[in-house]
Structures are given as structure tokens and as C-alpha cells.
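Student: For reference, the file protein.txt (compact mmCIF, C-alpha atoms) is included below:
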# COMPACT_ATOMS: atom_id res chain seq x y z
CA MET A 1 4.39 -103.81 -23.36
CA GLN A 2 7.97 -105.04 -23.35
CA PRO A 3 9.40 -105.59 -26.85
CA ARG A 4 9.95 -109.20 -27.85
CA LEU A 5 13.51 -110.50 -28.04
CA THR A 6 12.71 -113.52 -30.20
CA ASP A 7 10.63 -114.01 -33.33
CA PRO A 8 8.93 -117.39 -32.59
CA ALA A 9 8.17 -118.08 -36.26
CA ALA A 10 11.79 -117.47 -37.28
CA LEU A 11 13.08 -119.61 -34.41
CA ALA A 12 10.76 -122.49 -35.36
CA ARG A 13 11.80 -122.18 -39.01
CA ASN A 14 15.49 -122.20 -38.10
CA ARG A 15 15.05 -125.29 -35.94
CA GLN A 16 13.14 -127.13 -38.65
CA ARG A 17 16.10 -126.57 -40.98
CA ALA A 18 18.60 -127.97 -38.46
CA LYS A 19 20.66 -130.95 -39.59
CA PRO A 20 21.18 -133.90 -37.23
CA ASP A 21 24.95 -134.03 -37.75
CA ALA A 22 25.27 -130.34 -36.74
CA LEU A 23 23.73 -130.72 -33.26
CA PHE A 24 26.97 -131.74 -31.54
CA LEU A 25 26.91 -128.80 -29.11
CA PHE A 26 23.41 -129.67 -27.94
CA GLU A 27 24.47 -133.29 -27.61
CA ALA A 28 27.48 -132.23 -25.50
CA ALA A 29 25.18 -130.16 -23.26
CA ARG A 30 22.74 -133.09 -23.02
CA ASP A 31 25.55 -135.45 -21.99
CA ASP A 32 26.68 -132.96 -19.34
CA LEU A 33 23.15 -132.79 -17.90
CA HIS A 34 22.94 -136.58 -17.93
CA ASP A 35 26.28 -136.86 -16.10
CA ARG A 36 25.13 -134.37 -13.47
CA LEU A 37 21.96 -136.38 -12.91
CA THR A 38 24.02 -139.46 -12.10
CA LEU A 39 25.63 -137.51 -9.24
CA VAL A 40 22.25 -136.83 -7.61
CA ASN A 41 21.41 -139.55 -5.11
CA ARG A 42 17.81 -139.79 -6.22
CA SER A 43 15.65 -141.96 -8.48
CA PHE A 44 13.29 -139.93 -10.63
CA THR A 45 10.00 -141.49 -11.69
CA ALA A 46 8.22 -138.55 -13.35
CA PRO A 47 10.72 -136.47 -15.35
CA ALA A 48 9.95 -133.79 -17.93
CA ILE A 49 12.27 -132.18 -20.48
CA VAL A 50 11.68 -128.69 -21.87
CA THR A 51 13.57 -128.40 -25.15
CA GLY A 52 13.63 -127.00 -28.65
CA GLN A 53 15.66 -129.98 -29.89
CA PRO A 54 13.56 -133.03 -28.89
CA GLN A 55 15.44 -135.29 -31.31
CA ILE A 56 18.60 -135.21 -29.19
CA TRP A 57 16.71 -136.69 -26.23
CA ASP A 58 15.50 -139.75 -28.12
CA ASN A 59 16.22 -142.74 -25.83
CA ALA A 60 18.33 -140.58 -23.48
CA LEU A 61 15.63 -140.44 -20.78
CA PRO A 62 12.91 -142.74 -22.12
CA SER A 63 10.30 -142.12 -19.40
CA ALA A 64 10.44 -138.32 -19.72
CA ALA A 65 7.64 -136.12 -21.03
CA ILE A 66 9.00 -133.90 -23.83
CA VAL A 67 7.71 -130.32 -23.65
CA ALA A 68 8.20 -127.58 -26.25
CA ASP A 69 9.88 -124.38 -25.03
CA VAL A 70 6.93 -122.13 -25.86
CA GLU A 71 5.89 -119.15 -23.75
CA THR A 72 3.38 -121.18 -21.72
CA LEU A 73 4.86 -124.59 -20.96
CA ALA A 74 2.65 -127.68 -21.13
CA LEU A 75 3.52 -128.70 -17.57
CA GLU A 76 1.01 -129.67 -14.89
CA THR A 77 1.43 -128.25 -11.40
CA GLN A 78 3.43 -130.52 -9.07
CA ALA A 79 3.35 -133.37 -11.59
CA HIS A 80 7.10 -134.02 -11.89
CA ASP A 81 9.97 -134.88 -9.59
CA LEU A 82 12.52 -133.76 -12.22
CA VAL A 83 12.39 -130.98 -14.82
CA LEU A 84 15.21 -130.44 -17.31
CA HIS A 85 15.31 -127.25 -19.37
CA SER A 86 17.58 -128.25 -22.22
CA HIS A 87 19.41 -125.48 -24.05
CA ALA A 88 16.49 -123.23 -24.89
CA LEU A 89 16.42 -120.53 -22.20
CA HIS A 90 18.72 -118.24 -24.20
CA TRP A 91 15.84 -117.72 -26.68
CA ALA A 92 13.20 -117.05 -24.00
CA ASP A 93 11.60 -113.60 -23.90
CA ASP A 94 10.81 -114.19 -20.23
CA PRO A 95 13.41 -116.53 -18.70
CA VAL A 96 12.16 -115.90 -15.16
CA GLY A 97 8.67 -116.90 -16.28
CA GLN A 98 10.07 -120.12 -17.73
CA LEU A 99 11.87 -120.86 -14.46
CA ILE A 100 8.74 -120.16 -12.40
CA GLN A 101 6.69 -122.53 -14.56
CA CYS A 102 9.31 -125.24 -14.12
CA ARG A 103 9.38 -124.75 -10.36
CA ARG A 104 5.57 -124.94 -10.14
CA ALA A 105 5.64 -128.18 -12.16
CA LEU A 106 7.87 -129.82 -9.55
CA LYS A 107 6.66 -131.79 -6.60
CA PRO A 108 8.05 -130.62 -3.24
CA ASP A 109 11.78 -131.39 -3.15
CA GLY A 110 11.76 -131.98 -6.93
CA PHE A 111 14.95 -131.26 -8.85
CA PHE A 112 15.48 -128.70 -11.62
CA LEU A 113 18.44 -128.78 -14.01
CA ALA A 114 18.98 -126.52 -17.01
CA SER A 115 21.59 -125.63 -19.60
CA LEU A 116 21.79 -122.63 -21.90
CA PHE A 117 24.31 -120.61 -23.88
CA GLY A 118 26.04 -117.95 -21.77
CA GLY A 119 27.34 -114.46 -22.43
CA ARG A 120 30.78 -115.47 -23.76
CA THR A 121 29.21 -117.51 -26.54
CA LEU A 122 30.39 -116.38 -30.01
CA GLN A 123 32.24 -113.42 -28.49
CA GLU A 124 34.75 -113.47 -31.36
CA LEU A 125 32.10 -113.51 -34.08
CA ARG A 126 30.03 -110.85 -32.34
CA ALA A 127 33.00 -108.42 -32.26
CA CYS A 128 34.08 -109.06 -35.85
CA LEU A 129 30.58 -108.67 -37.28
CA ALA A 130 30.07 -105.42 -35.38
CA THR A 131 33.38 -103.98 -36.61
CA ALA A 132 32.78 -105.08 -40.20
CA GLU A 133 29.24 -103.69 -40.32
CA ALA A 134 30.30 -100.38 -38.78
CA GLU A 135 33.12 -100.03 -41.32
CA ILE A 136 31.00 -100.83 -44.37
CA THR A 137 27.51 -99.51 -43.54
CA GLY A 138 28.23 -97.00 -40.81
CA GLY A 139 25.77 -98.67 -38.43
CA LEU A 140 24.97 -101.79 -36.42
CA SER A 141 22.08 -104.24 -36.50
CA PRO A 142 21.10 -107.04 -34.08
CA ARG A 143 22.82 -110.23 -35.18
CA ILE A 144 23.55 -112.39 -32.13
CA ALA A 145 21.02 -112.59 -29.32
CA PRO A 146 22.13 -111.19 -25.93
CA MET A 147 22.87 -114.06 -23.56
CA ALA A 148 22.85 -114.31 -19.79
CA GLU A 149 25.88 -113.86 -17.57
CA ILE A 150 26.50 -116.47 -14.89
CA ARG A 151 26.49 -113.83 -12.15
CA ASP A 152 22.84 -113.08 -12.96
CA MET A 153 21.48 -116.61 -13.17
CA GLY A 154 21.67 -117.51 -9.48
CA GLY A 155 19.56 -114.44 -8.73
CA LEU A 156 17.01 -115.47 -11.36
CA LEU A 157 16.73 -118.92 -9.77
CA GLN A 158 16.03 -117.27 -6.42
CA ARG A 159 13.44 -114.94 -7.96
CA ALA A 160 11.73 -117.98 -9.43
CA GLY A 161 11.43 -119.52 -5.95
CA PHE A 162 14.00 -122.30 -6.14
CA ALA A 163 15.75 -123.52 -3.02
CA LEU A 164 19.49 -124.21 -2.92
CA PRO A 165 20.13 -122.49 -6.29
CA VAL A 166 23.47 -123.00 -8.04
CA ALA A 167 24.77 -121.63 -11.36
CA ASP A 168 28.04 -122.68 -12.93
CA ALA A 169 29.58 -122.61 -16.41
CA PHE A 170 32.06 -124.23 -18.74
CA ALA A 171 33.28 -123.30 -22.20
CA LEU A 172 33.72 -125.35 -25.34
CA THR A 173 36.01 -124.13 -28.13
CA VAL A 174 35.30 -125.33 -31.65
CA THR A 175 37.60 -124.55 -34.57
CA TYR A 176 36.52 -123.84 -38.14
CA ALA A 177 38.21 -123.28 -41.48
CA SER A 178 36.80 -119.73 -41.56
CA ALA A 179 34.12 -117.50 -40.08
CA LEU A 180 31.93 -118.30 -43.07
CA HIS A 181 32.10 -121.99 -42.16
CA LEU A 182 31.15 -121.09 -38.57
CA MET A 183 28.12 -119.10 -39.73
CA ARG A 184 27.07 -121.97 -41.98
CA ASP A 185 27.32 -124.34 -39.01
CA LEU A 186 25.18 -122.06 -36.84
CA ARG A 187 22.44 -122.20 -39.47
CA ALA A 188 22.78 -125.99 -39.64
CA MET A 189 22.28 -126.30 -35.87
CA GLY A 190 19.16 -124.09 -35.97
CA GLU A 191 20.86 -121.19 -34.15
CA ALA A 192 20.74 -118.58 -36.91
CA ASN A 193 19.49 -115.09 -36.09
CA ALA A 194 15.89 -115.25 -34.84
CA MET A 195 15.79 -111.90 -33.07
CA ALA A 196 12.59 -109.93 -33.49
CA THR A 197 14.58 -106.78 -34.36
CA ARG A 198 16.87 -108.45 -36.90
CA LEU A 199 17.32 -107.07 -40.41
CA ARG A 200 14.67 -108.50 -42.73
CA ARG A 201 16.97 -108.49 -45.73
CA PRO A 202 20.11 -110.53 -46.47
CA THR A 203 23.34 -109.23 -44.98
CA ARG A 204 25.56 -107.56 -47.54
CA ARG A 205 28.22 -109.93 -48.81
CA ALA A 206 30.88 -107.29 -48.21
CA VAL A 207 30.02 -107.28 -44.49
CA LEU A 208 30.35 -111.06 -44.20
CA LEU A 209 33.64 -111.15 -46.10
CA ARG A 210 35.09 -108.33 -44.02
CA ALA A 211 33.99 -110.05 -40.80
CA ALA A 212 35.69 -113.26 -41.95
CA GLU A 213 38.84 -111.30 -42.77
CA LEU A 214 38.89 -109.64 -39.34
CA TYR A 215 38.23 -112.97 -37.63
CA ALA A 216 41.20 -114.57 -39.37
CA GLU A 217 43.46 -111.59 -38.65
CA THR A 218 42.70 -111.49 -34.93
CA HIS A 219 41.97 -115.09 -33.94
CA ALA A 220 43.39 -117.61 -36.43
CA GLY A 221 45.82 -120.17 -35.05
CA PRO A 222 49.07 -121.37 -36.65
CA ASP A 223 47.08 -123.81 -38.78
CA GLY A 224 44.88 -121.01 -40.11
CA ARG A 225 41.73 -122.26 -38.38
CA ILE A 226 39.65 -119.89 -36.28
CA PRO A 227 38.26 -120.70 -32.79
CA ALA A 228 34.68 -120.10 -31.68
CA THR A 229 33.78 -119.96 -27.99
CA PHE A 230 30.54 -121.50 -26.75
CA GLU A 231 29.89 -120.89 -23.05
CA ILE A 232 27.37 -123.25 -21.45
CA LEU A 233 25.66 -122.21 -18.22
CA VAL A 234 24.21 -124.92 -15.99
CA LEU A 235 21.52 -124.13 -13.42
CA THR A 236 20.35 -126.33 -10.56
CA GLY A 237 17.70 -125.83 -7.93
CA TRP A 238 15.11 -127.62 -5.86
CA ALA A 239 11.42 -127.08 -5.29
CA PRO A 240 11.16 -125.91 -1.67
CA ASP A 241 10.38 -128.53 0.97
CA GLU A 242 10.53 -128.61 4.77
CA SER A 243 13.01 -131.50 4.65
CA GLN A 244 15.70 -129.32 3.05
CA PRO A 245 18.46 -127.54 5.04
CA GLN A 246 17.23 -124.18 6.31
CA PRO A 247 19.35 -121.10 7.10
CA LEU A 248 19.53 -120.07 10.75
CA ARG A 249 17.93 -116.82 11.88
CA PRO A 250 20.40 -113.95 12.30
CA GLY A 251 21.63 -113.82 15.89
CA SER A 252 20.64 -117.41 16.70
CA ALA A 253 24.20 -118.80 16.80
CA LYS A 254 25.19 -120.44 20.08
CA ALA A 255 28.97 -120.34 19.56
CA ARG A 256 31.38 -117.55 18.62
CA LEU A 257 33.16 -117.80 15.25
CA ALA A 258 36.40 -116.67 16.90
CA ASP A 259 36.23 -119.66 19.30
CA ALA A 260 35.61 -122.09 16.45
CA LEU A 261 38.62 -120.71 14.57
CA ALA A 262 40.75 -120.57 17.71
CA THR A 263 41.64 -116.99 17.04
CA ARG A 264 41.44 -113.66 18.82
CA GLU A 265 38.42 -111.44 18.19
CA THR A 266 39.18 -107.79 17.38
CA LYS A 267 36.26 -105.49 18.00
CA LEU A 268 35.67 -102.57 15.67
CA ASN A 269 35.01 -99.07 16.89
CA ASP A 270 31.40 -97.87 16.52
Output the file's structure as C-alpha cells, nothing else.
Tutor:
Amino acid sequence: MQPRLTDPAALARNRQRAKPDALFLFEAARDDLHDRLTLVNRSFTAPAIVTGQPQIWDNALPSAAIVADVETLALETQAHDLVLHSHALHWADDPVGQLIQCRRALKPDGFFLASLFGGRTLQELRACLATAEAEITGGLSPRIAPMAEIRDMGGLLQRAGFALPVADAFALTVTYASALHLMRDLRAMGEANAMATRLRRPTRRAVLLRAAELYAETHAGPDGRIPATFEILVLTGWAPDESQPQPLRPGSAKARLADALATRETKLND
């Protein structure tokens, strides 16, 4: 049996402790998803939203069914023409399984749109904590969950059976007075360490102070504030349908590429 990445009880506890005024990153990701929806020339009548932060979707898509991001999603087969997966996939033990469930919940030609934290998220904090812990304790412990790289997500969409899959990314940089303020903000947004293999005792104060010192030394700007990178990946795909564009079979082209480009064809030796 594959080891669990996430401790569901710890994740639920962290989210329950989240403070509304600290959810600005989730709100920014929600607004980005909403903007992308406006670019799709389609009216959706049966949307569903998979999320661990249902409060940020209040009144944003009033007709949507809100679904918790648990292992088995409460989604009926082919019941929705739109499924949003809102900033929760980075905590999933089985992201492909989540994507497959979302695809099965879509009607033919239904639209899927998701956001999640990507691999560059908290890259500065990750490095400083690792260096500080190695210096002080001589070892390393899991502190920030591994996050997906954009180059992998298109393949996962294909594995899940989506048509016309697209993955893109953008980064948000937030500045803080210190690394300690950043860590406090992560707890306030419900994104504290919920890894199943995390240390079950408080981190030594010396490690946190050393990490903050390293962060300031290597990343602080002229004003003394430190930046934190949050990479947001956005995934889109469609439930397969015969009406969608289909790739041609290899060898079925009726015109030469060289003719279309008005150029000379150079044959390669066998």
C-alpha cells in the first residue's frame, strides 16, 4: 500500500483554524478561475465546485454544488456540465484519481477547470528551513508538501481521460516583515504542515529563528521585507465528445508541408 502524503485529520484541523482575512491567495485563485470562465463561450447550468475552502465561493457561483475534496468525491456520474477543482489538488494523495472522478462527473463536452499550488511555491522558505534544520539538528524532516510541476500536469490530465488538456501557470509574490510572519500567515490560511510524515512535536525555536535569519540574509529587499513565491497552476480539459476536434490519423494528410510553407524539401538519408 502506498504511503499517505496527507494526514486528513490534520488538514481538516488546519482549515478549521483558517481566518477569513488570510485567504487572499485562495481568493486570487478563485478570481482567476472566474475570469477564465468568462472567456469560455458557454453557459453552464449544472456546475460543481470541489474545494477545501467553501467560504470563498459564497455567492461567486450561486448555482454550483459545493463538494468537499475528500478521497471519494460526492459527484454523480455525468451530472455536471462544469466542474471546478479549487485549490485543493496539492493536498490530494491521488491527484489522478481526483481528476478521473471529475471527468466522470462531467456530461459529454463538459468543461473542467482547476487551480492548485505548483512546485515553485514557497521555494525560498523550503530552502531556508532545510538549511537551518540541517545546521542545528543534523537532519531533515518533511515540512512543506511536495507540489506538482507544470510539465507533469498536462500528462495527468491525459491519463485521467480529458480531451484538449492544457496546463499553465502564473506566480504571485507576497512580501512579509520576516519569515516568522510568513509562517504565521500560512497557519492563518489553513496551509500549515499536514503531511502524514511530519514531526509530531513542535519545531525547535532555534531552527525557526535560524531559518528566518537565513531568509533575511538571502532574500530581503532594500526595505528589509522578504518575498514569498506562490506558483499557481491552472488546468483545463473537456469531457470527450464526438463534436470536438479530432486529430488526423498519421499518414492521412493530403498536402505536403513543404508546399504549404513554399519551401524546398530536403530528404534525409536512410
Student: Do a neighbour search on Phe170 of chain A at 12 Å with all atoms listed in the file, toss out local chain neighbours closer than 4 positions, and write the hits as a list in words.
Tutor: Ala28, Ala29, Asp32, Ser115, Leu116, Phe117, Gly118, Gly119, Arg120, Thr121, Ile150, Thr229, Phe230, Glu231, Ile232, Leu233, Val234 and Leu235 of chain A
Student: Looking at A:Arg30, A:Val40, A:Ala134, A:Arg17, which one is nearest to Asp58 of chain A, with distances taken over only C-alpha atoms?
Tutor: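 For Asp58 of chain A, the nearest of the candidates is A:Arg30.
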Student: Excluding segment 182-184 of chain A and any residue of its chain fewer than 6 positions from it, enumerate the residues within 8 Å of it, using only C-alpha atoms, and give them as an MDAnalysis selection string.
Tutor: chainID A and resid 176 192 228
Student: Could you list, as a PyMOL selection string, every residue within 8 Å of segment 92-102 of chain A, counting only C-alpha atoms and ignoring same-chain residues fewer than 6 positions away?
Tutor: chain A and resi 4-6+71-73+75+83+112+156-157+159-161
Student: From the set A:Trp238, A:Ile144, A:Glu149, A:Ala105, which residue has the shortest atom-to-atom contact distance to Glu76 of chain A, counting only C-alpha atoms?
Tutor: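 Closest residue, counting only C-alpha atoms: A:Ala105.
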Student: Determine the nearest neighbour of Ala194 of chain A from the options A:Leu82, A:Leu25, A:Ala9, A:Leu113, counting all atoms listed in the file.
Tutor: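 That would be A:Ala9, the residue with the smallest distance to Ala194 of chain A.
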Student: Of the candidates A:Thr236, A:Ala18, A:Ala196, A:His219, which shows the shortest atom-to-atom distance to Ala169 of chain A, using all atoms listed in the file?
Tutor: A:Thr236
Student: Please determine, counting all atoms listed in the file, which residue among A:Met147, A:Ile66, A:Ala163, A:Leu37 has the shortest atom-to-atom distance to Val50 of chain A.
Tutor: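 Ranking A:Met147, A:Ile66, A:Ala163, A:Leu37 by distance to Val50 of chain A, first place goes to A:Ile66.
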Student: Which residue, A:Leu140, A:Ala46, A:Ala132, A:Leu214, has the smallest gap to Ala64 of chain A when you use only C-alpha atoms?
Tutor: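 Using only C-alpha atoms, Ala64 of chain A sits closest to A:Ala46.
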Student: Can you tell me which residues surround Gly110 of chain A at a distance of at most 9 Å, considering all atoms listed in the file, apart from same-chain residues fewer than 6 positions away, and format the answer as a list of chain:residue names?
Tutor: A:Phe44, A:Gln78, A:His80, A:Asp81, A:Leu82, A:Val83, A:Arg103, A:Gly237, A:Trp238, A:Ala239, A:Pro240, A:Asp241
Student: I'd like the contact shell of Gly221 of chain A - 12 Å cut-off, all atoms listed in the file, skipping same-chain residues fewer than 5 positions apart - returned as an MDAnalysis selection string.
Tutor: chainID A and resid 175:178 215:216 226:228
Student: Can you measure atom CA of Glu135 of chain A to atom CA of Arg205 of chain A for me? One decimal in Å is fine.
Tutor: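 Those two atoms sit 13.3 Å apart.
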Student: Report the distance between atom CA of Ala65 of chain A and atom CA of Ala145 of chain A in Å, rounded to one decimal place.
Tutor: 28.3 Å
Student: So how many Å separate atom CA of Pro108 of chain A and atom CA of Glu242 of chain A, to one decimal?
Tutor: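 It comes out at 8.6 Å.
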